[in-house]
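**Q** Once you've had a glance at the structure underneath, I'll fire off some questions.
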Amino acid sequence: MASTTPSPGVSRRSEIPAFEVMKITDEVARRRLAGHDVVSLCAGEPSARPAPGTLKPAGYTGPLGTMPLREAIAGHYANWYGVDVDPGEVAVTTGSSGAFQLVFLAAFDPGDAVALASPGYPAYRNILAALGVRVIEIPTGPETRYQPTPELLEAAVSEHGALAGLIIASPANPTGTMLNRADLAALVDWCAAHGTRIVSDEIYHGIAFPEPGDPDPRGVSVRELTRDAVVINSFSKYWGMTGWRLGWALLPEDLIAPVEALASNFALSPPAPAQELALTAFTPETYAERDAIVADFARARALILDAAPALGWGEAAPSDGAFYYYSELGPQLDVYGTSTAYARALLEHADVAIVPGVDFDPVAGDRAVRLSYAAGAPAVEEALNRILRFQAER
């Protein structure tokens with residue numbers, strides 16, 4: 001006899017899409033266990049920093065991290081950007097993901113409208129949606145280098161009303177495009193005039209491929225232009241500490257106490273062993289080590305750009321920084337219909353993993369793919385050879 005006990009159900013807040021990249025990463029692991037030689041250009045995961053031989057016994061730290069690490073992060077901003085950051089404004093978090101959750105909770109109420117560029121990192125959209133925030137996606141393309149502009153923000157306000165927030169990313173995921181100083185200043189000025197809070201994702205700073213003589217070779221931090229914006233960063237990308245789950249936020253004064261209260265309840269403290277390792281991130285030796293890895297990203301990027309004519313795909317975003325190549329598939333859509341079908345066939349028949357664009361753009365993303373060259377030049381070269389053979393044989 002069937003039970004008449006009602007199901008407890010699940011919350012509507014959890015009705016968000018899974019992150020496709022992580023699903024593909026699981027599939028790559030399954031294929032490798034089955035004996036397939038898979039080349040993955042899927043996850044944005046650079047080569048990892050080695051852990052020290054012995055980590056000290058670890059207990060709780062303060063909810064915003066240890067003061068020595070907060071001071072070291074503040075020193076990093078003086079070193080790279082020439083800006084003064086009070087260590088009390090630094091919140092160390094459980095990855096940049098933890099920083100986004102805390103900042104979004106502290107800064108925005110349910111029903112607030114927050115704008116972000118599309119294509120863009122899906123977790124922005126999904127975390128905001130889970131918190132009941134109205135997500136205003138701004139379609140972008142080559143005419144704005146896949147970045148928002150004041151004109152696009154004006155159009156968004158005309159259609160949706162006032163914006164409580166704007167999420168920007170430079171370098172951006174999945175496009176790799178960057179905002180130069182003038183374009184970033186224009187967004188800062190627009191937001192100041194409209195009472196819109198900026199949250200700047202700078203997780204890929206330090207991974208850039210500037211032209212000779214570029215005055216901002218590592219990227220421009222919004223903190224150079226205003227103290228009112230939130231800056232979010234992480235040890236995952238430039239420093240290669242993805243699994244240690246450690247990030248940070250630079251907070252304007254009005255958000256420090258709210259974020260600390262939320263952090264003390266949500267996570268109690270960031271992971272102490274990761275904070276100990278992160279203290280070694282800001283030495284001259286570590287900067288040199290990581291810059292050498294960025295140089296390998298540059299070689300991998302050059303391989304893709306050189307192969308682009310042979311790939312014969314469609315319009316691609318300028319790959320200014322990060323380690324991503326985002327391109328429409330062009331004629332391959334005539335064969336496969338969608339980028340999802342193309343990526344599935346590529347993995348099945350050529351053992352190359354790439355990401356369809358639906359994660360990053362729910363409207364037009366199934367016409368595009370993202371290649372990550374974080375795996376380095378040898379992996380990218382092998383993957384490109386396989387892709388070209390795959391396309392020639394189909």
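The chains in the structure tokens are called A, B, ... from first to last as shown; in each chain the residues are counted from 1, and the ligands are counted from 1 in the order shown.
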Need the shell around Leu131 (chain A): protein/DNA/RNA residues with any atom at most 8 Å away, counting only C-alpha atoms. Skip same-chain ones fewer than 5 positions apart. Format as a ChimeraX atom specification?
**A** /A:13,105,110
**Q** So which residues of region 82-169 of chain A fall under helix (DSSP H, G or I) by DSSP, listed as a PyMOL selection string?
**A** chain A and resi 87-89+95-107+122-130+142-144+150-160
**Q** Output as a ChimeraX atom specification all residues of region 106-331 of chain A that backbone DSSP marks as strand (DSSP E).
**A** /A:113-118,134-139,165-169,197-201,230-234,247-250,324-328
**Q** Measuring between only C-alpha atoms, which one of A:Ala156, A:Val103, A:Leu69, A:Val28 shows the shortest distance to Cys42 (chain A)?
**A**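 Ranked by minimum distance to Cys42 (chain A), first place goes to A:Val28.
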**Q** Can I get the residues of region 30-88 of chain A within 6 Å of region 258-269 of chain A, each with the closest pair of atoms and their distance in Å to one decimal, using only C-alpha atoms, sorted chain first then ascending number, as JSON lines?
**A**
```
{"residue": "A:Tyr60", "atom": "CA", "partner": "A:Ser269", "partner_atom": "CA", "distance": 6.0}
{"residue": "A:Thr61", "atom": "CA", "partner": "A:Ser269", "partner_atom": "CA", "distance": 5.5}
{"residue": "A:Gly62", "atom": "CA", "partner": "A:Ser269", "partner_atom": "CA", "distance": 5.8}
{"residue": "A:Pro63", "atom": "CA", "partner": "A:Ser269", "partner_atom": "CA", "distance": 4.2}
```
**Q** Kindly indicate which residue among A:Arg31, A:Arg370, A:Arg394, A:Arg12 lies nearest to Val358 (chain A), using only C-alpha atoms for the distances.
**A**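 The answer is A:Arg370, which sits nearest to Val358 (chain A).
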**Q** A:Val355, A:Thr94, A:Gln101, A:Pro119: which is nearest Ala341 (chain A), counting only C-alpha atoms?
**A**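 Of the candidates, the smallest distance to Ala341 (chain A) is held by A:Val355.
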